[in-house]
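K.L.:
This is model-v6.pdb (PDB, C-alpha atoms).
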```
ATOM      1  CA  MET A   1     -31.820 -21.455  27.784
ATOM      2  CA  HIS A   2     -29.075 -21.481  30.386
ATOM      3  CA  PRO A   3     -29.910 -18.967  33.157
ATOM      4  CA  ALA A   4     -26.898 -16.683  33.674
ATOM      5  CA  VAL A   5     -26.772 -15.080  37.114
ATOM      6  CA  SER A   6     -25.713 -11.724  35.654
ATOM      7  CA  ILE A   7     -28.734 -11.564  33.332
ATOM      8  CA  ILE A   8     -31.141 -12.617  36.070
ATOM      9  CA  LEU A   9     -29.822  -9.871  38.342
ATOM     10  CA  PHE A  10     -29.846  -7.361  35.496
ATOM     11  CA  THR A  11     -33.446  -7.871  34.433
ATOM     12  CA  THR A  12     -34.791  -8.194  37.975
ATOM     13  CA  LEU A  13     -32.918  -5.412  39.779
ATOM     14  CA  SER A  14     -33.062  -2.875  36.965
ATOM     15  CA  GLY A  15     -36.797  -3.477  36.551
ATOM     16  CA  LEU A  16     -37.401  -2.848  40.255
ATOM     17  CA  GLY A  17     -35.146   0.192  40.203
ATOM     18  CA  PHE A  18     -36.773   1.843  37.206
ATOM     19  CA  GLY A  19     -40.204   0.936  38.587
ATOM     20  CA  LEU A  20     -39.392   2.757  41.825
ATOM     21  CA  LEU A  21     -37.903   5.736  39.960
ATOM     22  CA  ALA A  22     -41.067   5.979  37.847
ATOM     23  CA  PHE A  23     -43.198   6.324  40.986
ATOM     24  CA  LEU A  24     -40.784   8.877  42.435
ATOM     25  CA  GLY A  25     -40.940  10.873  39.214
ATOM     26  CA  LEU A  26     -44.716  11.023  39.551
ATOM     27  CA  GLY A  27     -44.424  12.176  43.151
ATOM     28  CA  TYR A  28     -45.153   8.903  44.937
ATOM     29  CA  PRO A  29     -44.316   8.933  47.741
ATOM     30  CA  ASN A  30     -44.401  12.690  48.273
ATOM     31  CA  VAL A  31     -41.062  13.012  50.062
ATOM     32  CA  GLU A  32     -38.359  15.635  50.388
ATOM     33  CA  GLY A  33     -34.936  16.075  51.931
ATOM     34  CA  PHE A  34     -33.159  13.085  53.434
ATOM     35  CA  THR A  35     -36.156  10.779  53.020
ATOM     36  CA  ALA A  36     -36.253  11.566  49.298
ATOM     37  CA  PHE A  37     -32.500  10.964  49.144
ATOM     38  CA  VAL A  38     -32.953   7.455  50.592
ATOM     39  CA  PHE A  39     -35.678   6.562  48.079
ATOM     40  CA  PHE A  40     -33.731   7.893  45.104
ATOM     41  CA  ALA A  41     -30.523   6.230  46.297
ATOM     42  CA  LEU A  42     -32.348   2.889  46.440
ATOM     43  CA  GLY A  43     -33.839   3.380  42.976
ATOM     44  CA  PHE A  44     -30.508   4.356  41.405
ATOM     45  CA  ALA A  45     -28.684   1.547  43.227
ATOM     46  CA  LEU A  46     -31.106  -1.089  41.917
ATOM     47  CA  ALA A  47     -31.264   0.296  38.383
ATOM     48  CA  GLY A  48     -27.541   1.001  38.142
ATOM     49  CA  GLY A  49     -26.530  -2.221  39.866
ATOM     50  CA  GLY A  50     -28.676  -4.234  37.481
ATOM     51  CA  LEU A  51     -27.215  -2.484  34.446
ATOM     52  CA  ILE A  52     -23.653  -3.022  35.678
ATOM     53  CA  SER A  53     -24.303  -6.718  36.346
ATOM     54  CA  SER A  54     -25.424  -7.162  32.724
ATOM     55  CA  THR A  55     -21.909  -6.332  31.488
ATOM     56  CA  PHE A  56     -20.518  -9.437  33.188
ATOM     57  CA  HIS A  57     -22.379 -11.585  30.672
ATOM     58  CA  LEU A  58     -20.446 -10.005  27.808
ATOM     59  CA  GLY A  59     -17.457 -11.795  26.365
ATOM     60  CA  HIS A  60     -15.504  -8.546  26.712
ATOM     61  CA  PRO A  61     -17.078  -6.375  29.448
ATOM     62  CA  GLU A  62     -14.529  -3.653  28.727
ATOM     63  CA  ARG A  63     -16.227  -3.132  25.356
ATOM     64  CA  ALA A  64     -19.646  -2.451  26.874
ATOM     65  CA  LEU A  65     -19.594   1.162  25.647
ATOM     66  CA  LYS A  66     -19.712  -0.120  22.066
ATOM     67  CA  ALA A  67     -23.301  -1.196  22.733
ATOM     68  CA  PHE A  68     -24.303   2.460  22.262
ATOM     69  CA  THR A  69     -23.217   2.401  18.603
ATOM     70  CA  GLN A  70     -25.816  -0.075  17.298
ATOM     71  CA  TRP A  71     -29.036   1.734  18.205
ATOM     72  CA  ARG A  72     -30.428   1.523  14.659
ATOM     73  CA  SER A  73     -30.705  -2.262  14.727
ATOM     74  CA  SER A  74     -30.176  -3.495  18.288
ATOM     75  CA  TRP A  75     -32.678  -3.388  21.146
ATOM     76  CA  LEU A  76     -29.743  -3.870  23.502
ATOM     77  CA  SER A  77     -28.234  -0.644  22.211
ATOM     78  CA  ARG A  78     -31.582   1.170  22.450
ATOM     79  CA  GLU A  79     -31.925  -0.036  26.016
ATOM     80  CA  ALA A  80     -28.457   1.320  26.817
ATOM     81  CA  TRP A  81     -29.422   4.737  25.439
ATOM     82  CA  PHE A  82     -32.792   4.796  27.216
ATOM     83  CA  ALA A  83     -31.198   3.754  30.505
ATOM     84  CA  ALA A  84     -28.458   6.398  30.272
ATOM     85  CA  ILE A  85     -30.869   9.213  29.369
ATOM     86  CA  THR A  86     -33.301   8.105  32.086
ATOM     87  CA  MET A  87     -30.594   8.097  34.741
ATOM     88  CA  VAL A  88     -29.502  11.609  33.740
ATOM     89  CA  VAL A  89     -33.042  13.022  33.719
ATOM     90  CA  MET A  90     -33.959  11.375  37.026
ATOM     91  CA  GLY A  91     -30.606  12.455  38.467
ATOM     92  CA  ILE A  92     -31.375  16.115  37.694
ATOM     93  CA  TYR A  93     -34.894  15.720  39.087
ATOM     94  CA  ALA A  94     -33.545  14.099  42.281
ATOM     95  CA  PHE A  95     -30.860  16.792  42.711
ATOM     96  CA  ALA A  96     -33.417  19.575  42.388
ATOM     97  CA  LEU A  97     -35.757  17.897  44.873
ATOM     98  CA  VAL A  98     -33.237  16.715  47.468
ATOM     99  CA  ILE A  99     -30.670  19.531  47.392
ATOM    100  CA  LEU A 100     -32.631  22.552  46.181
ATOM    101  CA  GLY A 101     -36.047  21.580  47.533
ATOM    102  CA  ILE A 102     -37.626  22.209  44.111
ATOM    103  CA  ARG A 103     -40.026  19.670  42.569
ATOM    104  CA  LEU A 104     -39.726  19.948  38.774
ATOM    105  CA  ILE A 105     -43.005  18.227  37.956
ATOM    106  CA  PRO A 106     -42.638  18.177  34.112
ATOM    107  CA  LEU A 107     -39.129  16.726  34.449
ATOM    108  CA  GLY A 108     -40.404  14.094  36.882
ATOM    109  CA  ILE A 109     -43.155  13.048  34.477
ATOM    110  CA  LEU A 110     -40.635  12.871  31.636
ATOM    111  CA  GLY A 111     -38.386  10.732  33.819
ATOM    112  CA  ALA A 112     -41.265   8.365  34.641
ATOM    113  CA  VAL A 113     -42.061   7.974  30.926
ATOM    114  CA  LEU A 114     -38.395   7.266  30.202
ATOM    115  CA  CYS A 115     -38.360   4.652  32.979
ATOM    116  CA  VAL A 116     -41.260   2.868  31.283
ATOM    117  CA  GLY A 117     -39.444   3.157  27.946
ATOM    118  CA  THR A 118     -36.306   1.616  29.447
ATOM    119  CA  ILE A 119     -38.282  -1.324  30.824
ATOM    120  CA  PHE A 120     -39.882  -1.800  27.401
ATOM    121  CA  THR A 121     -36.544  -1.803  25.564
ATOM    122  CA  THR A 122     -35.187  -4.355  28.032
ATOM    123  CA  SER A 123     -38.145  -6.643  27.385
ATOM    124  CA  MET A 124     -37.756  -6.271  23.615
ATOM    125  CA  ILE A 125     -34.253  -7.746  23.774
ATOM    126  CA  TYR A 126     -36.007 -11.060  24.425
ATOM    127  CA  THR A 127     -39.379 -10.498  22.717
ATOM    128  CA  GLN A 128     -37.696 -10.006  19.328
ATOM    129  CA  MET A 129     -36.131 -13.494  19.369
ATOM    130  CA  LYS A 130     -38.173 -15.582  16.941
ATOM    131  CA  THR A 131     -35.930 -18.537  17.774
ATOM    132  CA  VAL A 132     -37.392 -18.650  21.308
ATOM    133  CA  PRO A 133     -41.178 -19.105  20.903
ATOM    134  CA  ARG A 134     -41.864 -18.691  24.623
ATOM    135  CA  TRP A 135     -40.449 -15.152  24.478
ATOM    136  CA  HIS A 136     -41.575 -14.128  20.999
ATOM    137  CA  HIS A 137     -45.001 -13.017  22.183
ATOM    138  CA  TRP A 138     -46.831  -9.819  23.160
ATOM    139  CA  SER A 139     -47.024 -11.007  26.776
ATOM    140  CA  THR A 140     -43.280 -10.667  27.388
ATOM    141  CA  PRO A 141     -43.190  -6.824  27.514
ATOM    142  CA  ILE A 142     -46.303  -6.804  29.701
ATOM    143  CA  LEU A 143     -44.692  -9.307  32.067
ATOM    144  CA  PHE A 144     -41.562  -7.163  32.405
ATOM    145  CA  PHE A 145     -43.675  -4.069  32.975
ATOM    146  CA  ALA A 146     -45.904  -5.859  35.518
ATOM    147  CA  TYR A 147     -42.933  -6.929  37.624
ATOM    148  CA  ALA A 148     -41.419  -3.447  37.463
ATOM    149  CA  ILE A 149     -44.606  -1.564  38.343
ATOM    150  CA  ALA A 150     -45.701  -3.968  41.102
ATOM    151  CA  GLY A 151     -42.230  -4.028  42.636
ATOM    152  CA  GLY A 152     -41.895  -0.279  42.213
ATOM    153  CA  ALA A 153     -45.195   0.314  44.016
ATOM    154  CA  LEU A 154     -44.068  -1.946  46.838
ATOM    155  CA  LEU A 155     -40.722  -0.157  47.210
ATOM    156  CA  ALA A 156     -42.452   3.234  46.993
ATOM    157  CA  GLY A 157     -44.612   2.327  49.979
ATOM    158  CA  GLN A 158     -47.905   2.421  48.068
ATOM    159  CA  THR A 159     -49.670   0.129  50.514
ATOM    160  CA  THR A 160     -53.088   0.535  48.868
ATOM    161  CA  LEU A 161     -51.986   0.098  45.256
ATOM    162  CA  ALA A 162     -49.220  -2.472  45.717
ATOM    163  CA  PRO A 163     -51.439  -5.396  46.921
ATOM    164  CA  MET A 164     -53.714  -5.009  43.877
ATOM    165  CA  LEU A 165     -50.783  -4.812  41.473
ATOM    166  CA  ILE A 166     -49.135  -7.837  43.078
ATOM    167  CA  LEU A 167     -52.292  -9.938  42.662
ATOM    168  CA  ALA A 168     -52.635  -8.790  39.046
ATOM    169  CA  LEU A 169     -48.970  -9.713  38.471
ATOM    170  CA  ALA A 170     -49.513 -13.174  39.981
ATOM    171  CA  ALA A 171     -52.561 -13.809  37.792
ATOM    172  CA  PHE A 172     -50.770 -12.688  34.643
ATOM    173  CA  GLN A 173     -47.655 -14.692  35.502
ATOM    174  CA  LEU A 174     -49.735 -17.854  35.967
ATOM    175  CA  TRP A 175     -51.364 -17.286  32.583
ATOM    176  CA  ALA A 176     -47.994 -16.569  30.964
ATOM    177  CA  TRP A 177     -46.567 -19.838  32.288
ATOM    178  CA  GLN A 178     -49.541 -21.842  31.050
ATOM    179  CA  SER A 179     -49.600 -20.109  27.674
ATOM    180  CA  GLY A 180     -45.833 -20.350  27.255
ATOM    181  CA  ASP A 181     -45.778 -24.100  27.890
ATOM    182  CA  ALA A 182     -47.556 -24.742  24.582
ATOM    183  CA  ARG A 183     -45.933 -21.993  22.531
ATOM    184  CA  PHE A 184     -43.010 -24.029  21.177
ATOM    185  CA  ARG A 185     -45.318 -26.820  20.041
ATOM    186  CA  THR A 186     -47.788 -24.467  18.363
ATOM    187  CA  SER A 187     -45.043 -22.430  16.667
ATOM    188  CA  GLY A 188     -44.737 -25.109  13.990
ATOM    189  CA  THR A 189     -40.956 -25.290  14.316
ATOM    190  CA  THR A 190     -39.624 -28.834  13.999
ATOM    191  CA  LEU A 191     -36.474 -30.541  12.826
ATOM    192  CA  ALA A 192     -38.239 -31.009   9.484
ATOM    193  CA  THR A 193     -38.945 -27.295   9.019
ATOM    194  CA  ALA A 194     -35.494 -26.334  10.275
ATOM    195  CA  THR A 195     -33.732 -28.549   7.729
ATOM    196  CA  GLY A 196     -36.241 -28.102   4.891
ATOM    197  CA  LEU A 197     -36.431 -31.890   4.496
ATOM    198  CA  GLY A 198     -40.006 -32.349   5.668
ATOM    199  CA  ASN A 199     -41.267 -33.173   2.174
ATOM    200  CA  ARG A 200     -39.030 -36.266   2.118
ATOM    201  CA  GLY A 201     -40.657 -37.962   5.079
ATOM    202  CA  ASP A 202     -40.043 -38.187   8.818
ATOM    203  CA  VAL A 203     -36.879 -36.294   9.767
ATOM    204  CA  ARG A 204     -34.750 -37.325  12.723
ATOM    205  CA  SER A 205     -31.189 -36.705  13.835
ATOM    206  CA  PHE A 206     -28.760 -39.492  12.918
ATOM    207  CA  GLU A 207     -26.278 -38.476  15.613
ATOM    208  CA  PRO A 208     -25.507 -35.373  17.719
ATOM    209  CA  PRO A 209     -23.934 -32.493  15.756
ATOM    210  CA  HIS A 210     -20.978 -32.385  18.177
ATOM    211  CA  THR A 211     -19.178 -34.965  20.262
ATOM    212  CA  GLY A 212     -18.665 -32.492  23.120
ATOM    213  CA  GLY A 213     -20.075 -29.337  24.600
ATOM    214  CA  ASN A 214     -19.903 -25.979  22.853
ATOM    215  CA  TYR A 215     -21.277 -22.459  23.124
ATOM    216  CA  LEU A 216     -24.722 -23.485  21.849
ATOM    217  CA  THR A 217     -25.143 -26.311  24.346
ATOM    218  CA  ARG A 218     -23.885 -24.127  27.178
ATOM    219  CA  GLU A 219     -25.959 -21.018  26.431
ATOM    220  CA  MET A 220     -28.942 -22.047  24.308
ATOM    221  CA  VAL A 221     -29.831 -25.564  25.458
ATOM    222  CA  HIS A 222     -31.068 -26.072  28.996
ATOM    223  CA  VAL A 223     -33.705 -28.543  30.170
ATOM    224  CA  VAL A 224     -35.673 -28.149  33.394
ATOM    225  CA  ALA A 225     -37.599 -31.170  34.666
ATOM    226  CA  ARG A 226     -41.288 -30.293  34.736
ATOM    227  CA  LYS A 227     -41.664 -31.398  38.359
ATOM    228  CA  HIS A 228     -38.917 -28.993  39.396
ATOM    229  CA  ALA A 229     -40.398 -26.193  37.302
ATOM    230  CA  MET A 230     -43.781 -26.594  39.000
ATOM    231  CA  LYS A 231     -42.190 -26.467  42.460
ATOM    232  CA  LEU A 232     -40.262 -23.324  41.537
ATOM    233  CA  ARG A 233     -43.392 -21.697  40.114
ATOM    234  CA  ILE A 234     -45.219 -22.282  43.394
ATOM    235  CA  ILE A 235     -42.247 -20.962  45.385
ATOM    236  CA  GLY A 236     -42.067 -17.885  43.141
ATOM    237  CA  ILE A 237     -45.788 -17.085  43.476
ATOM    238  CA  VAL A 238     -45.717 -17.530  47.243
ATOM    239  CA  LEU A 239     -42.660 -15.316  47.640
ATOM    240  CA  PHE A 240     -43.369 -12.463  45.210
ATOM    241  CA  ALA A 241     -47.153 -12.318  45.640
ATOM    242  CA  MET A 242     -48.762 -14.222  48.509
ATOM    243  CA  ILE A 243     -46.461 -13.267  51.384
ATOM    244  CA  PRO A 244     -46.287  -9.548  50.453
ATOM    245  CA  TRP A 245     -50.062  -9.451  49.923
ATOM    246  CA  VAL A 246     -50.777 -10.955  53.352
ATOM    247  CA  ILE A 247     -48.304  -8.580  55.013
ATOM    248  CA  LEU A 248     -49.729  -5.487  53.302
ATOM    249  CA  PHE A 249     -53.424  -6.358  53.219
ATOM    250  CA  VAL A 250     -54.011  -8.531  56.290
ATOM    251  CA  LEU A 251     -51.399  -7.800  58.945
ATOM    252  CA  PRO A 252     -51.053  -4.454  60.757
ATOM    253  CA  PHE A 253     -48.437  -2.190  59.199
ATOM    254  CA  SER A 254     -44.923  -2.048  60.565
ATOM    255  CA  HIS A 255     -41.623  -1.100  58.964
ATOM    256  CA  ILE A 256     -40.120  -4.503  59.772
ATOM    257  CA  LEU A 257     -42.990  -6.346  58.084
ATOM    258  CA  ALA A 258     -42.770  -3.954  55.122
ATOM    259  CA  ALA A 259     -39.069  -4.795  54.739
ATOM    260  CA  ILE A 260     -39.905  -8.509  54.877
ATOM    261  CA  ALA A 261     -42.534  -7.993  52.171
ATOM    262  CA  VAL A 262     -39.986  -6.260  49.928
ATOM    263  CA  LEU A 263     -37.327  -8.951  50.460
ATOM    264  CA  SER A 264     -39.875 -11.713  49.874
ATOM    265  CA  HIS A 265     -41.033 -10.075  46.642
ATOM    266  CA  LEU A 266     -37.445  -9.681  45.465
ATOM    267  CA  ALA A 267     -36.663 -13.345  46.200
ATOM    268  CA  GLY A 268     -39.789 -14.488  44.360
ATOM    269  CA  ALA A 269     -39.027 -12.239  41.395
ATOM    270  CA  LEU A 270     -35.543 -13.753  41.154
ATOM    271  CA  VAL A 271     -37.005 -17.282  41.177
ATOM    272  CA  SER A 272     -39.540 -16.395  38.497
ATOM    273  CA  ARG A 273     -36.919 -14.663  36.378
ATOM    274  CA  TRP A 274     -34.690 -17.760  36.636
ATOM    275  CA  LEU A 275     -37.600 -19.768  35.245
ATOM    276  CA  PHE A 276     -38.104 -17.155  32.515
ATOM    277  CA  PHE A 277     -34.685 -18.085  31.144
ATOM    278  CA  ALA A 278     -34.486 -21.750  32.151
ATOM    279  CA  GLU A 279     -37.813 -22.690  30.540
ATOM    280  CA  ALA A 280     -37.134 -20.792  27.307
ATOM    281  CA  GLU A 281     -36.460 -23.346  24.573
ATOM    282  CA  HIS A 282     -34.258 -22.202  21.706
ATOM    283  CA  VAL A 283     -35.016 -23.924  18.404
ATOM    284  CA  VAL A 284     -31.349 -24.931  18.093
ATOM    285  CA  GLY A 285     -32.120 -27.504  20.775
ATOM    286  CA  LEU A 286     -33.888 -29.543  18.083
ATOM    287  CA  TYR A 287     -30.484 -30.444  16.642
ATOM    288  CA  TYR A 288     -29.360 -31.786  19.996
ATOM    289  CA  GLY A 289     -32.403 -33.950  20.642
ATOM    290  CA  LYS A 290     -33.654 -31.729  23.455
ATOM    291  CA  ARG A 291     -37.193 -31.436  22.190
TER     292      ARG A 291
END
```
In C-alpha cells, how does this file's structure come out?

P.N.:
Amino acid sequence: MHPAVSIILFTTLSGLGFGLLAFLGLGYPNVEGFTAFVFFALGFALAGGGLISSTFHLGHPERALKAFTQWRSSWLSREAWFAAITMVVMGIYAFALVILGIRLIPLGILGAVLCVGTIFTTSMIYTQMKTVPRWHHWSTPILFFAYAIAGGALLAGQTTLAPMLILALAAFQLWAWQSGDARFRTSGTTLATATGLGNRGDVRSFEPPHTGGNYLTREMVHVVARKHAMKLRIIGIVLFAMIPWVILFVLPFSHILAAIAVLSHLAGALVSRWLFFAEAEHVVGLYYGKR
C-alpha cells in the first residue's frame, strides 16, 4: 500500500507517546514536580501529535469528530474513544502529581491499562483488513505493542529494561518480516478466486481495468523492489535496535548519548513503519497485474 506520511507519523509517534505514558502511569520513572512535567509533556506531545497527524489523511479533516459516532463497528472509532479517555485519565493523574504532589496510584494503573488498550485499537485498524494478508495476522497487534513498550521504556529512562525490550523487538520484527513475505502467497487469494472463474481454467487479466491512475492505484497499490526493502530493513534494525542497545548496554551513560539513542530509535521506527505500509499488498493489486 502507498505509505502516507500522516499515517506513518500517527502510528509511530502515538505508539511512543502512549508507551511512555503507560510507564509514567505505573510510576516509572519515579519523578515529581518539574521533572514529571517534562516527562508527561513529552508523552502527551507524542501521543497528541500523532493523533492530530492522522486527521490529515482524511478526505475531510474537519469531519474528524464524526469518527466517534461509529464505535459499534469501526476500530478507528474505538481507537478515537480509547485515546480521548486515556488522555483525560492521564491528564488528571499528571495534574495531581505535578501540581498537587499527589500520586494517585489506582488512577495511574488505570491510565496505563488504557494506554495499552489504545495501542491495541490502533493495531486492530490494520489487523482486521482481510484484504491485506500481511496485516491480517495475530502478529500485527504484538508488533505495535512491542514498538510502543520498547520505545516507551527508552523514553522513560529504563536503562536496564529498555535494552532487553529493544532486542526482543528486533527479533520479533525480523520474524514478522520473514513470515509476512509469504503470507499473501499462502492466503490462497488469486485472480481466479477473486473473480470466481477458477473452475473455467487459468485466469489472467486481458487488459488493465483503467487507462489512468485512480484512488485504488494511488492508495492500495504500491510496489517496493525487494533489494530496496532489504536495505531499508537493515537500516531500520540498526537504527531502532542496534545503536540504542550499544549506547545503553556498552557505552558509559550520558544524557547526550541517551538523547542520541532515543533519536536513533525514533528514526528506525519510522523506517520500519514505512515498510509496514509499503510492503503490505492489497488484493486489489491482482486486478492491476501487481502480483

K.L.:
For A:Gly101, which of A:Ala36, A:Met124, A:Cys115, A:Met87 is the closest residue, counting only C-alpha atoms?

P.N.:
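Checking each candidate against A:Gly101, we get A:Ala36 as the closest.
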
K.L.:
Please evaluate the PyMOL selection byres ((chain A and resi 234-250) around 6) against the displayed coordinates and give the resulting residues as a compact mmCIF listing (two decimals) with C-alpha atoms, in the frame of the given file.

P.N.:
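Okay, result_14.txt is ready:
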```txt
# COMPACT_ATOMS: atom_id res chain seq x y z
CA PRO A 163 -51.44 -5.40 46.92
CA ILE A 166 -49.14 -7.84 43.08
CA LYS A 231 -42.19 -26.47 42.46
CA LEU A 232 -40.26 -23.32 41.54
CA ARG A 233 -43.39 -21.70 40.11
CA LEU A 251 -51.40 -7.80 58.94
CA ALA A 261 -42.53 -7.99 52.17
CA SER A 264 -39.88 -11.71 49.87
CA HIS A 265 -41.03 -10.07 46.64
CA GLY A 268 -39.79 -14.49 44.36
CA ALA A 269 -39.03 -12.24 41.40
CA VAL A 271 -37.01 -17.28 41.18
CA SER A 272 -39.54 -16.40 38.50
```

K.L.:
Residue by residue, what does the PyMOL selection byres ((chain A and resi 181) around 12) grab here? Present the result as a PyMOL selection string.

P.N.:
chain A and resi 132-135+174-180+182-187+226+229-230+275-276+279-281

K.L.:
Run the PyMOL selection byres ((chain A and resi 147-159) around 6) against the file shown and list the residues it catches, as a PDB file with C-alpha atoms, in the frame of the given file.

P.N.:
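Result written to result.pdb:
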```
ATOM      1  CA  GLY A  15     -36.797  -3.477  36.551  1.00  0.00           C
ATOM      2  CA  LEU A  16     -37.401  -2.848  40.255  1.00  0.00           C
ATOM      3  CA  GLY A  19     -40.204   0.936  38.587  1.00  0.00           C
ATOM      4  CA  LEU A  20     -39.392   2.757  41.825  1.00  0.00           C
ATOM      5  CA  PHE A 144     -41.562  -7.163  32.405  1.00  0.00           C
ATOM      6  CA  PHE A 145     -43.675  -4.069  32.975  1.00  0.00           C
ATOM      7  CA  ALA A 146     -45.904  -5.859  35.518  1.00  0.00           C
ATOM      8  CA  THR A 160     -53.088   0.535  48.868  1.00  0.00           C
ATOM      9  CA  LEU A 161     -51.986   0.098  45.256  1.00  0.00           C
ATOM     10  CA  ALA A 162     -49.220  -2.472  45.717  1.00  0.00           C
ATOM     11  CA  LEU A 165     -50.783  -4.812  41.473  1.00  0.00           C
ATOM     12  CA  ILE A 166     -49.135  -7.837  43.078  1.00  0.00           C
TER      13      ILE A 166
END
```

K.L.:
In terms of the shortest atom-to-atom distance over all atoms listed in the file, which of A:Ile142, A:Met90, A:Leu257, A:Leu42 is closest to A:Arg103?

P.N.:
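Answer, going by the shortest atom-to-atom distance: A:Met90.
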
K.L.:
Specify the axis-aligned box that encloses all atoms of stretch 2-13 of chain A listed in the file after padding of 8 Å on each side, stating its centre and edge lengths in Å to one decimal as lines of an AutoDock Vina configuration file.

P.N.:
```
center_x = -30.3
center_y = -13.4
center_z = 35.1
size_x = 25.1
size_y = 32.1
size_z = 25.4
```

K.L.:
Please compute the atom CA of A:Phe37-atom CA of A:Phe120 distance, one decimal, in Å.

P.N.:
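Value for the atom CA of A:Phe37-atom CA of A:Phe120 distance: 26.3 Å.
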
K.L.:
Can you pull out the residues contacting stretch 68-72 of chain A? Cut-off 12 Å, using all atoms listed in the file, and skip same-chain residues under 5 positions away; I want them as a list of chain:residue names.

P.N.:
A:Arg63, A:Ser77, A:Arg78, A:Glu79, A:Ala80, A:Trp81, A:Phe82, A:Ala83, A:Ala84, A:Ile85, A:Thr121

K.L.:
Would you put the residues from that selection into a file with C-alpha atoms, as a short mmCIF file (atom, residue, chain, number, x, y, z; two decimals), in the coordinates of the input?

P.N.:
```cif
data_model
loop_
_atom_site.label_atom_id
_atom_site.label_comp_id
_atom_site.auth_asym_id
_atom_site.auth_seq_id
_atom_site.Cartn_x
_atom_site.Cartn_y
_atom_site.Cartn_z
CA ARG A 63 -16.23 -3.13 25.36
CA SER A 77 -28.23 -0.64 22.21
CA ARG A 78 -31.58 1.17 22.45
CA GLU A 79 -31.92 -0.04 26.02
CA ALA A 80 -28.46 1.32 26.82
CA TRP A 81 -29.42 4.74 25.44
CA PHE A 82 -32.79 4.80 27.22
CA ALA A 83 -31.20 3.75 30.50
CA ALA A 84 -28.46 6.40 30.27
CA ILE A 85 -30.87 9.21 29.37
CA THR A 121 -36.54 -1.80 25.56
#
```

K.L.:
Which neighbours of A:Leu110 fall inside 10 Å, counting only C-alpha atoms, when residues of the same chain fewer than 4 positions from it are skipped, and could you give them as number ranges by chain?

P.N.:
A: 22, 25-26, 86, 89-90, 93, 105-106, 114-115

K.L.:
Could you tell me how far atom CA of A:His255 lies from atom CA of A:Ala47, in Å and to one decimal?

P.N.:
23.1 Å

K.L.:
Looking at only C-alpha atoms, which of A:Pro252, A:Gly49, A:Gly108, A:Gly117 is the one that sits closest to A:Tyr28?

P.N.:
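Using only C-alpha atoms, A:Tyr28 sits closest to A:Gly108.
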
K.L.:
What does the structure give for the distance between atom CA of A:Leu51 and atom CA of A:Ala170, in Å to one decimal?

P.N.:
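Result for atom CA of A:Leu51 versus atom CA of A:Ala170: 25.3 Å, one decimal.
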